[in-house]
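Next comes work-v4.pdb, a file with PDB, C-alpha atoms.
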MODEL        1
ATOM      1  CA  MET J  29      56.377  50.169 130.618  1.00  0.00           C
ATOM      2  CA  GLU J  30      59.759  48.460 130.738  1.00  0.00           C
ATOM      3  CA  TYR J  31      62.627  49.991 132.729  1.00  0.00           C
ATOM      4  CA  GLU J  32      66.283  49.007 132.588  1.00  0.00           C
ATOM      5  CA  PHE J  33      68.583  49.622 135.546  1.00  0.00           C
ATOM      6  CA  THR J  34      71.306  48.017 137.624  1.00  0.00           C
ATOM      7  CA  LEU J  35      71.430  47.383 141.354  1.00  0.00           C
ATOM      8  CA  LYS J  36      74.888  46.830 142.827  1.00  0.00           C
ATOM      9  CA  TYR J  37      75.307  45.218 146.245  1.00  0.00           C
ATOM     10  CA  ARG J  38      78.033  44.289 148.699  1.00  0.00           C
ATOM     11  CA  LEU J  39      77.553  40.784 150.067  1.00  0.00           C
ATOM     12  CA  ALA J  40      78.168  39.279 153.482  1.00  0.00           C
ATOM     13  CA  ALA J  41      80.784  36.512 153.585  1.00  0.00           C
ATOM     14  CA  ALA J  42      78.048  33.902 154.040  1.00  0.00           C
ATOM     15  CA  ASP J  43      76.503  34.867 150.691  1.00  0.00           C
ATOM     16  CA  SER J  44      79.266  33.675 148.382  1.00  0.00           C
ATOM     17  CA  ASP J  45      77.638  30.740 146.576  1.00  0.00           C
ATOM     18  CA  ALA J  46      76.565  32.136 143.184  1.00  0.00           C
ATOM     19  CA  ASP J  47      74.247  29.213 142.362  1.00  0.00           C
ATOM     20  CA  GLU J  48      72.452  29.596 145.676  1.00  0.00           C
ATOM     21  CA  LEU J  49      72.103  33.353 145.139  1.00  0.00           C
ATOM     22  CA  VAL J  50      70.565  32.793 141.693  1.00  0.00           C
ATOM     23  CA  GLU J  51      68.018  30.403 143.206  1.00  0.00           C
ATOM     24  CA  ARG J  52      67.148  32.754 146.071  1.00  0.00           C
ATOM     25  CA  LEU J  53      66.874  35.766 143.768  1.00  0.00           C
ATOM     26  CA  GLY J  54      64.664  33.881 141.316  1.00  0.00           C
ATOM     27  CA  ALA J  55      62.367  32.710 144.119  1.00  0.00           C
ATOM     28  CA  ALA J  56      62.098  36.286 145.408  1.00  0.00           C
ATOM     29  CA  GLY J  57      61.001  37.654 142.010  1.00  0.00           C
ATOM     30  CA  CYS J  58      64.272  38.717 140.392  1.00  0.00           C
ATOM     31  CA  ASP J  59      63.883  36.451 137.368  1.00  0.00           C
ATOM     32  CA  ASP J  60      63.981  39.572 135.172  1.00  0.00           C
ATOM     33  CA  ALA J  61      67.603  40.311 136.101  1.00  0.00           C
ATOM     34  CA  LEU J  62      70.991  39.127 134.904  1.00  0.00           C
ATOM     35  CA  LEU J  63      73.361  38.454 137.782  1.00  0.00           C
ATOM     36  CA  GLY J  64      76.954  39.630 137.550  1.00  0.00           C
ATOM     37  CA  ILE J  65      79.528  38.379 140.062  1.00  0.00           C
ATOM     38  CA  GLY J  66      82.781  39.839 138.730  1.00  0.00           C
ATOM     39  CA  GLN J  67      84.083  41.410 141.943  1.00  0.00           C
ATOM     40  CA  PRO J  68      84.553  39.234 145.025  1.00  0.00           C
ATOM     41  CA  GLY J  69      81.940  40.065 147.647  1.00  0.00           C
ATOM     42  CA  ARG J  70      79.820  42.061 145.197  1.00  0.00           C
ATOM     43  CA  ILE J  71      76.945  41.413 142.833  1.00  0.00           C
ATOM     44  CA  ALA J  72      75.331  43.479 140.130  1.00  0.00           C
ATOM     45  CA  LEU J  73      71.812  42.785 138.936  1.00  0.00           C
ATOM     46  CA  ASP J  74      70.880  44.154 135.511  1.00  0.00           C
ATOM     47  CA  PHE J  75      67.096  44.443 135.510  1.00  0.00           C
ATOM     48  CA  SER J  76      64.657  44.827 132.676  1.00  0.00           C
ATOM     49  CA  ARG J  77      61.465  45.248 134.693  1.00  0.00           C
ATOM     50  CA  GLU J  78      57.883  45.945 133.695  1.00  0.00           C
ATOM     51  CA  ALA J  79      56.135  48.378 136.035  1.00  0.00           C
ATOM     52  CA  ARG J  80      53.759  51.336 136.086  1.00  0.00           C
ATOM     53  CA  SER J  81      56.659  53.719 136.838  1.00  0.00           C
ATOM     54  CA  ALA J  82      60.432  53.799 137.163  1.00  0.00           C
ATOM     55  CA  THR J  83      60.048  54.254 140.918  1.00  0.00           C
ATOM     56  CA  ALA J  84      57.835  51.179 141.180  1.00  0.00           C
ATOM     57  CA  ALA J  85      60.277  49.151 139.060  1.00  0.00           C
ATOM     58  CA  VAL J  86      63.373  50.034 141.067  1.00  0.00           C
ATOM     59  CA  ILE J  87      61.744  49.854 144.502  1.00  0.00           C
ATOM     60  CA  SER J  88      60.109  46.484 143.776  1.00  0.00           C
ATOM     61  CA  ALA J  89      63.472  45.124 142.601  1.00  0.00           C
ATOM     62  CA  MET J  90      65.210  46.432 145.732  1.00  0.00           C
ATOM     63  CA  LYS J  91      62.547  44.820 147.937  1.00  0.00           C
ATOM     64  CA  ALA J  92      62.954  41.503 146.123  1.00  0.00           C
ATOM     65  CA  VAL J  93      66.741  41.582 146.556  1.00  0.00           C
ATOM     66  CA  LYS J  94      66.328  42.437 150.252  1.00  0.00           C
ATOM     67  CA  LYS J  95      63.959  39.469 150.629  1.00  0.00           C
ATOM     68  CA  ALA J  96      66.383  37.110 148.871  1.00  0.00           C
ATOM     69  CA  ILE J  97      69.595  38.402 150.454  1.00  0.00           C
ATOM     70  CA  PRO J  98      68.732  40.266 153.682  1.00  0.00           C
ATOM     71  CA  THR J  99      72.394  40.954 154.525  1.00  0.00           C
ATOM     72  CA  ALA J 100      73.213  42.524 151.131  1.00  0.00           C
ATOM     73  CA  ARG J 101      74.090  46.233 151.304  1.00  0.00           C
ATOM     74  CA  LEU J 102      73.234  48.552 148.434  1.00  0.00           C
ATOM     75  CA  VAL J 103      76.297  50.103 146.823  1.00  0.00           C
ATOM     76  CA  GLU J 104      74.679  51.940 143.923  1.00  0.00           C
ATOM     77  CA  VAL J 105      71.678  52.167 141.635  1.00  0.00           C
ATOM     78  CA  SER J 106      72.543  52.980 138.046  1.00  0.00           C
ATOM     79  CA  PRO J 107      72.461  54.667 135.656  1.00  0.00           C
ATOM     80  CA  ASP J 108      73.412  57.680 137.740  1.00  0.00           C
ATOM     81  CA  SER J 109      77.088  58.645 138.108  1.00  0.00           C
ATOM     82  CA  VAL J 110      78.441  59.053 134.589  1.00  0.00           C
ATOM     83  CA  GLY J 111      81.291  60.596 132.638  1.00  0.00           C
ATOM     84  CA  LEU J 112      81.031  62.264 129.246  1.00  0.00           C
ATOM     85  CA  THR J 113      81.774  59.002 127.445  1.00  0.00           C
ATOM     86  CA  ASP J 114      78.865  57.290 129.214  1.00  0.00           C
ATOM     87  CA  ILE J 115      76.539  60.180 128.409  1.00  0.00           C
ATOM     88  CA  ALA J 116      77.606  60.215 124.765  1.00  0.00           C
ATOM     89  CA  GLU J 117      76.941  56.464 124.421  1.00  0.00           C
ATOM     90  CA  LEU J 118      73.494  56.748 125.982  1.00  0.00           C
ATOM     91  CA  VAL J 119      72.542  59.709 123.795  1.00  0.00           C
ATOM     92  CA  GLY J 120      74.082  58.288 120.612  1.00  0.00           C
ATOM     93  CA  VAL J 121      76.755  60.903 119.901  1.00  0.00           C
ATOM     94  CA  SER J 122      80.539  60.879 120.039  1.00  0.00           C
ATOM     95  CA  ARG J 123      82.443  61.705 123.214  1.00  0.00           C
ATOM     96  CA  GLN J 124      84.013  64.622 121.351  1.00  0.00           C
ATOM     97  CA  ASN J 125      80.560  65.948 120.485  1.00  0.00           C
ATOM     98  CA  MET J 126      79.482  65.740 124.136  1.00  0.00           C
ATOM     99  CA  ARG J 127      82.717  67.390 125.305  1.00  0.00           C
ATOM    100  CA  GLN J 128      82.237  70.208 122.793  1.00  0.00           C
ATOM    101  CA  LEU J 129      78.659  70.668 123.963  1.00  0.00           C
ATOM    102  CA  SER J 130      79.799  70.942 127.586  1.00  0.00           C
ATOM    103  CA  LEU J 131      82.455  73.522 126.654  1.00  0.00           C
ATOM    104  CA  VAL J 132      80.350  75.663 124.314  1.00  0.00           C
ATOM    105  CA  HIS J 133      77.523  75.761 126.867  1.00  0.00           C
ATOM    106  CA  ALA J 134      79.747  75.900 129.957  1.00  0.00           C
ATOM    107  CA  LYS J 135      77.534  78.484 131.683  1.00  0.00           C
ATOM    108  CA  ASN J 136      74.392  76.359 131.583  1.00  0.00           C
ATOM    109  CA  PHE J 137      75.582  72.783 131.021  1.00  0.00           C
ATOM    110  CA  PRO J 138      74.928  70.867 134.257  1.00  0.00           C
ATOM    111  CA  ALA J 139      77.806  71.101 136.694  1.00  0.00           C
ATOM    112  CA  PRO J 140      79.571  67.857 137.559  1.00  0.00           C
ATOM    113  CA  PHE J 141      79.227  66.642 141.137  1.00  0.00           C
ATOM    114  CA  HIS J 142      82.864  65.516 141.013  1.00  0.00           C
ATOM    115  CA  SER J 143      85.590  67.434 139.261  1.00  0.00           C
ATOM    116  CA  GLY J 144      89.224  66.503 138.756  1.00  0.00           C
ATOM    117  CA  ASN J 145      91.046  64.169 136.395  1.00  0.00           C
ATOM    118  CA  VAL J 146      87.682  62.493 135.958  1.00  0.00           C
ATOM    119  CA  GLU J 147      84.480  64.507 136.015  1.00  0.00           C
ATOM    120  CA  LEU J 148      81.207  62.864 136.995  1.00  0.00           C
ATOM    121  CA  TRP J 149      77.643  64.028 136.471  1.00  0.00           C
ATOM    122  CA  HIS J 150      74.284  62.800 137.593  1.00  0.00           C
ATOM    123  CA  LEU J 151      72.893  61.401 134.356  1.00  0.00           C
ATOM    124  CA  ALA J 152      69.420  62.768 135.117  1.00  0.00           C
ATOM    125  CA  HIS J 153      70.664  66.364 135.164  1.00  0.00           C
ATOM    126  CA  VAL J 154      72.370  66.046 131.785  1.00  0.00           C
ATOM    127  CA  LEU J 155      69.443  64.219 130.180  1.00  0.00           C
ATOM    128  CA  GLU J 156      67.023  66.888 131.426  1.00  0.00           C
ATOM    129  CA  TRP J 157      69.296  69.608 130.015  1.00  0.00           C
ATOM    130  CA  LEU J 158      69.590  67.834 126.655  1.00  0.00           C
ATOM    131  CA  LYS J 159      65.844  67.231 126.502  1.00  0.00           C
ATOM    132  CA  ALA J 160      65.130  70.909 127.214  1.00  0.00           C
ATOM    133  CA  ARG J 161      67.373  71.874 124.274  1.00  0.00           C
ATOM    134  CA  GLY J 162      65.031  69.926 121.991  1.00  0.00           C
ATOM    135  CA  THR J 163      67.783  68.710 119.674  1.00  0.00           C
ATOM    136  CA  TYR J 164      68.320  65.283 121.240  1.00  0.00           C
ATOM    137  CA  ARG J 165      65.888  62.410 121.478  1.00  0.00           C
ATOM    138  CA  ILE J 166      65.872  61.331 125.105  1.00  0.00           C
ATOM    139  CA  GLU J 167      63.922  58.178 125.882  1.00  0.00           C
ATOM    140  CA  GLN J 168      61.547  58.918 128.768  1.00  0.00           C
ATOM    141  CA  PRO J 169      62.110  55.564 130.534  1.00  0.00           C
ATOM    142  CA  LEU J 170      65.873  56.255 130.631  1.00  0.00           C
ATOM    143  CA  LEU J 171      65.312  59.721 132.089  1.00  0.00           C
ATOM    144  CA  ASP J 172      62.808  58.364 134.615  1.00  0.00           C
ATOM    145  CA  VAL J 173      65.188  55.621 135.781  1.00  0.00           C
ATOM    146  CA  ALA J 174      68.107  58.076 135.973  1.00  0.00           C
ATOM    147  CA  LEU J 175      66.036  60.377 138.211  1.00  0.00           C
ATOM    148  CA  VAL J 176      65.038  57.510 140.525  1.00  0.00           C
ATOM    149  CA  ALA J 177      68.598  56.134 140.640  1.00  0.00           C
ATOM    150  CA  MET J 178      69.999  59.561 141.551  1.00  0.00           C
ATOM    151  CA  GLN J 179      67.436  60.067 144.310  1.00  0.00           C
ATOM    152  CA  ILE J 180      68.045  56.648 145.860  1.00  0.00           C
ATOM    153  CA  ASN J 181      71.817  57.095 145.722  1.00  0.00           C
ATOM    154  CA  LEU J 182      71.573  60.550 147.302  1.00  0.00           C
ATOM    155  CA  VAL J 183      69.312  59.297 150.089  1.00  0.00           C
ATOM    156  CA  LYS J 184      71.697  56.409 150.750  1.00  0.00           C
ATOM    157  CA  GLU J 185      74.674  58.757 150.990  1.00  0.00           C
ATOM    158  CA  SER J 186      72.838  61.413 153.011  1.00  0.00           C
ATOM    159  CA  ASN J 187      72.137  58.801 155.686  1.00  0.00           C
ATOM    160  CA  LEU J 188      75.886  58.872 156.427  1.00  0.00           C
ATOM    161  CA  ILE J 189      75.794  62.547 157.469  1.00  0.00           C
ATOM    162  CA  GLN J 190      75.698  62.913 161.225  1.00  0.00           C
ATOM    163  CA  GLY J 191      75.129  65.404 164.024  1.00  0.00           C
ATOM    164  CA  GLU J 192      76.475  68.906 163.767  1.00  0.00           C
ATOM    165  CA  VAL J 193      77.550  68.571 160.142  1.00  0.00           C
ATOM    166  CA  ARG J 194      74.014  67.526 159.195  1.00  0.00           C
ATOM    167  CA  ARG J 195      72.480  70.506 161.016  1.00  0.00           C
ATOM    168  CA  GLU J 196      74.968  73.124 159.828  1.00  0.00           C
ATOM    169  CA  VAL J 197      75.449  72.098 156.216  1.00  0.00           C
ATOM    170  CA  ARG J 198      71.809  71.454 155.304  1.00  0.00           C
ATOM    171  CA  ASN J 199      71.127  75.198 154.948  1.00  0.00           C
ATOM    172  CA  LEU J 200      74.422  75.953 153.202  1.00  0.00           C
ATOM    173  CA  VAL J 201      74.049  73.622 150.230  1.00  0.00           C
ATOM    174  CA  ALA J 202      70.457  74.383 149.268  1.00  0.00           C
TER     175      ALA J 202
ENDMDL
END

Mind converting the file's structure to structure tokens?
Amino acid sequence: MEYEFTLKYRLAAADSDADELVERLGAAGCDDALLGIGQPGRIALDFSREARSATAAVISAMKAVKKAIPTARLVEVSPDSVGLTDIAELVGVSRQNMRQLSLVHAKNFPAPFHSGNVELWHLAHVLEWLKARGTYRIEQPLLDVALVAMQINLVKESNLIQGEVRREVRNLVA
């Protein structure tokens, strides 16, 4: 099956030559990715990868990037953190429709992980909720990739939790 996802990395200063990066990435097996270099010191790789599972697709891509650019640091795997506009586009409805859905079903619509002027959701949670409703066609590869992306991003962030906070909070957020 084919899976589409994006890996975003922060680069070391020594890894600034885009042509060299393309060569190294291609040699490491990332010839199924488009390289974006819009932000200085960052790259984004848009993959369209054949694999037996979303996990295998994303992990194999991450390993290939690590082989090509050992000093690169993962920033994010996407799709994961999304706003209502992003969700609406992926599902094929208007933003207003998605907003209305979140308001009408406020008690059981997935809670955002960030609330404020901008609200952000884990895409996987919203896609699972929409799929369970049975009124939206959710492509399984998209849901699978969203679940893997969320898990990798959460593991990456949880590695930053240290000492007493890690011990005390683990039982409070479950």

Inset, instruction - Go through J:Pro98, J:Pro107, J:Gly57, J:Gly191 one by one, measure the shortest atom-to-atom distance of each to Glu32 (chain J) using all atoms listed in the file, and give the residue with the smallest value. - result: J:Pro107

Legend entry - Output check: residues returned by the PyMOL selection byres ((chain J and resi 76-84) around 8), as JSON, numbers by chain: {"J": [29, 30, 31, 32, 33, 60, 61, 74, 75, 85, 86, 87, 88, 169, 172, 173, 176]}

Inset, instruction - Could you list the residues chosen by the PyMOL selection byres ((chain J and resi 58) around 9) in this structure as a PyMOL selection string? - result: chain J and resi 50+52-57+59-62+73+75+89+92-93+96

Legend entry - Selection under test: the PyMOL selection byres ((chain J and resi 116) around 12); residues as a list in words: Val110, Gly111, Leu112, Thr113, Asp114, Ile115, Glu117, Leu118, Val119, Gly120, Val121, Ser122, Arg123, Gln124, Asn125, Met126, Arg127, Gln128, Leu129, Ser130, Leu151, Val154, Leu155, Leu158, Tyr164 and Ile166 of chain J

Legend entry - Separation of CA of Leu102 (chain J) from CA of Asn187 (chain J) in Å: 12.6 Å

Inset, instruction - Find the residues around Thr99 (chain J) up to 8 Å (only C-alpha atoms counted), leave out those fewer than 4 positions away in its own chain, and share them as a PyMOL selection string. - result: chain J and resi 39-40+94

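A straight line drawn from CA of Glu51 (chain J) to CA of Lys184 (chain J) is 27.3 Å long.
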
Inset, instruction - Just the residues within 12 Å of Phe141 (chain J), please, counting all atoms listed in the file, with nothing from its chain fewer than 5 positions along; format it as an MDAnalysis selection string. - result: chainID J and resid 108:111 146:151 153:154 178 182

Legend entry - Interatomic distance, CA of Ile71 (chain J) to CA of Glu185 (chain J) (Å, one decimal): 19.3 Å

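Among J:Glu196, J:Phe137, J:Asn181, J:Lys159, the residue with the shortest atom-to-atom distance to Val105 (chain J), counting all atoms listed in the file, is J:Asn181.
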
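Using all atoms listed in the file for every distance, the candidate list J:Ala46, J:Asn199, J:Met90, J:Ala41 yields J:Ala41 as the residue closest to Gly69 (chain J).
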
Using all atoms of region 132-148 of chain J listed in the file and a margin of 3 Å per side, can you give the axis-aligned box centre and edge lengths in Å to one decimal, as AutoDock Vina command-line options?
--center_x 82.7 --center_y 70.5 --center_z 132.7 --size_x 22.7 --size_y 22.0 --size_z 22.8

Assuming the input is short of atoms at region 107-142 of chain J, produce N, CA and C atoms for that part as a JSON list (two decimals), in the coordinates of the input.
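The resulting file, selection32.json, is shown below:
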[["chain", "number", "residue", "atom", "x", "y", "z"],
["J", 107, "PRO", "N", 71.46, 53.66, 135.99],
["J", 107, "PRO", "CA", 72.46, 54.67, 135.66],
["J", 107, "PRO", "C", 72.29, 55.94, 136.49],
["J", 108, "ASP", "N", 73.41, 56.42, 137.00],
["J", 108, "ASP", "CA", 73.41, 57.68, 137.74],
["J", 108, "ASP", "C", 74.73, 58.41, 137.54],
["J", 109, "SER", "N", 75.79, 57.98, 138.19],
["J", 109, "SER", "CA", 77.09, 58.64, 138.11],
["J", 109, "SER", "C", 77.75, 58.29, 136.78],
["J", 110, "VAL", "N", 77.92, 59.31, 135.93],
["J", 110, "VAL", "CA", 78.44, 59.05, 134.59],
["J", 110, "VAL", "C", 79.47, 60.10, 134.18],
["J", 111, "GLY", "N", 80.36, 59.69, 133.29],
["J", 111, "GLY", "CA", 81.29, 60.60, 132.64],
["J", 111, "GLY", "C", 80.76, 60.97, 131.27],
["J", 112, "LEU", "N", 81.48, 61.82, 130.56],
["J", 112, "LEU", "CA", 81.03, 62.26, 129.25],
["J", 112, "LEU", "C", 80.93, 61.11, 128.25],
["J", 113, "THR", "N", 81.83, 60.15, 128.35],
["J", 113, "THR", "CA", 81.77, 59.00, 127.44],
["J", 113, "THR", "C", 80.48, 58.22, 127.65],
["J", 114, "ASP", "N", 80.11, 58.00, 128.90],
["J", 114, "ASP", "CA", 78.86, 57.29, 129.21],
["J", 114, "ASP", "C", 77.66, 58.05, 128.66],
["J", 115, "ILE", "N", 77.65, 59.35, 128.88],
["J", 115, "ILE", "CA", 76.54, 60.18, 128.41],
["J", 115, "ILE", "C", 76.44, 60.11, 126.89],
["J", 116, "ALA", "N", 77.58, 60.26, 126.23],
["J", 116, "ALA", "CA", 77.61, 60.22, 124.76],
["J", 116, "ALA", "C", 77.04, 58.90, 124.24],
["J", 117, "GLU", "N", 77.44, 57.78, 124.85],
["J", 117, "GLU", "CA", 76.94, 56.46, 124.42],
["J", 117, "GLU", "C", 75.43, 56.36, 124.59],
["J", 118, "LEU", "N", 74.93, 56.84, 125.72],
["J", 118, "LEU", "CA", 73.49, 56.75, 125.98],
["J", 118, "LEU", "C", 72.67, 57.63, 125.04],
["J", 119, "VAL", "N", 73.25, 58.76, 124.65],
["J", 119, "VAL", "CA", 72.54, 59.71, 123.80],
["J", 119, "VAL", "C", 72.75, 59.40, 122.31],
["J", 120, "GLY", "N", 73.82, 58.65, 122.00],
["J", 120, "GLY", "CA", 74.08, 58.29, 120.61],
["J", 120, "GLY", "C", 74.91, 59.30, 119.85],
["J", 121, "VAL", "N", 75.83, 59.97, 120.55],
["J", 121, "VAL", "CA", 76.76, 60.90, 119.90],
["J", 121, "VAL", "C", 78.18, 60.51, 120.30],
["J", 122, "SER", "N", 79.15, 61.17, 119.69],
["J", 122, "SER", "CA", 80.54, 60.88, 120.04],
["J", 122, "SER", "C", 80.90, 61.57, 121.35],
["J", 123, "ARG", "N", 81.94, 61.08, 122.00],
["J", 123, "ARG", "CA", 82.44, 61.70, 123.21],
["J", 123, "ARG", "C", 82.90, 63.12, 122.91],
["J", 124, "GLN", "N", 83.54, 63.30, 121.75],
["J", 124, "GLN", "CA", 84.01, 64.62, 121.35],
["J", 124, "GLN", "C", 82.85, 65.59, 121.20],
["J", 125, "ASN", "N", 81.75, 65.11, 120.63],
["J", 125, "ASN", "CA", 80.56, 65.95, 120.48],
["J", 125, "ASN", "C", 80.04, 66.37, 121.85],
["J", 126, "MET", "N", 79.98, 65.43, 122.79],
["J", 126, "MET", "CA", 79.48, 65.74, 124.14],
["J", 126, "MET", "C", 80.43, 66.69, 124.85],
["J", 127, "ARG", "N", 81.73, 66.50, 124.69],
["J", 127, "ARG", "CA", 82.72, 67.39, 125.30],
["J", 127, "ARG", "C", 82.57, 68.80, 124.75],
["J", 128, "GLN", "N", 82.42, 68.91, 123.43],
["J", 128, "GLN", "CA", 82.24, 70.21, 122.79],
["J", 128, "GLN", "C", 80.97, 70.90, 123.30],
["J", 129, "LEU", "N", 79.92, 70.13, 123.45],
["J", 129, "LEU", "CA", 78.66, 70.67, 123.96],
["J", 129, "LEU", "C", 78.84, 71.22, 125.37],
["J", 130, "SER", "N", 79.58, 70.49, 126.21],
["J", 130, "SER", "CA", 79.80, 70.94, 127.59],
["J", 130, "SER", "C", 80.66, 72.19, 127.63],
["J", 131, "LEU", "N", 81.58, 72.34, 126.69],
["J", 131, "LEU", "CA", 82.46, 73.52, 126.65],
["J", 131, "LEU", "C", 81.74, 74.74, 126.07],
["J", 132, "VAL", "N", 81.04, 74.55, 124.97],
["J", 132, "VAL", "CA", 80.35, 75.66, 124.31],
["J", 132, "VAL", "C", 79.25, 76.22, 125.21],
["J", 133, "HIS", "N", 78.63, 75.35, 125.98],
["J", 133, "HIS", "CA", 77.52, 75.76, 126.87],
["J", 133, "HIS", "C", 77.95, 75.69, 128.33],
["J", 134, "ALA", "N", 79.18, 76.04, 128.61],
["J", 134, "ALA", "CA", 79.75, 75.90, 129.96],
["J", 134, "ALA", "C", 78.93, 76.62, 131.03],
["J", 135, "LYS", "N", 78.29, 77.72, 130.68],
["J", 135, "LYS", "CA", 77.53, 78.48, 131.68],
["J", 135, "LYS", "C", 76.23, 77.82, 132.09],
["J", 136, "ASN", "N", 75.66, 76.99, 131.21],
["J", 136, "ASN", "CA", 74.39, 76.36, 131.58],
["J", 136, "ASN", "C", 74.38, 74.84, 131.47],
["J", 137, "PHE", "N", 75.49, 74.24, 131.01],
["J", 137, "PHE", "CA", 75.58, 72.78, 131.02],
["J", 137, "PHE", "C", 75.62, 72.35, 132.49],
["J", 138, "PRO", "N", 74.93, 71.28, 132.84],
["J", 138, "PRO", "CA", 74.93, 70.87, 134.26],
["J", 138, "PRO", "C", 76.34, 70.73, 134.82],
["J", 139, "ALA", "N", 76.50, 71.19, 136.03],
["J", 139, "ALA", "CA", 77.81, 71.10, 136.69],
["J", 139, "ALA", "C", 78.04, 69.67, 137.16],
["J", 140, "PRO", "N", 79.28, 69.20, 137.04],
["J", 140, "PRO", "CA", 79.57, 67.86, 137.56],
["J", 140, "PRO", "C", 79.51, 67.87, 139.08],
["J", 141, "PHE", "N", 79.19, 66.72, 139.68],
["J", 141, "PHE", "CA", 79.23, 66.64, 141.14],
["J", 141, "PHE", "C", 80.61, 66.26, 141.62],
["J", 142, "HIS", "N", 81.46, 65.79, 140.69],
["J", 142, "HIS", "CA", 82.86, 65.52, 141.01],
["J", 142, "HIS", "C", 83.71, 66.06, 139.88]]
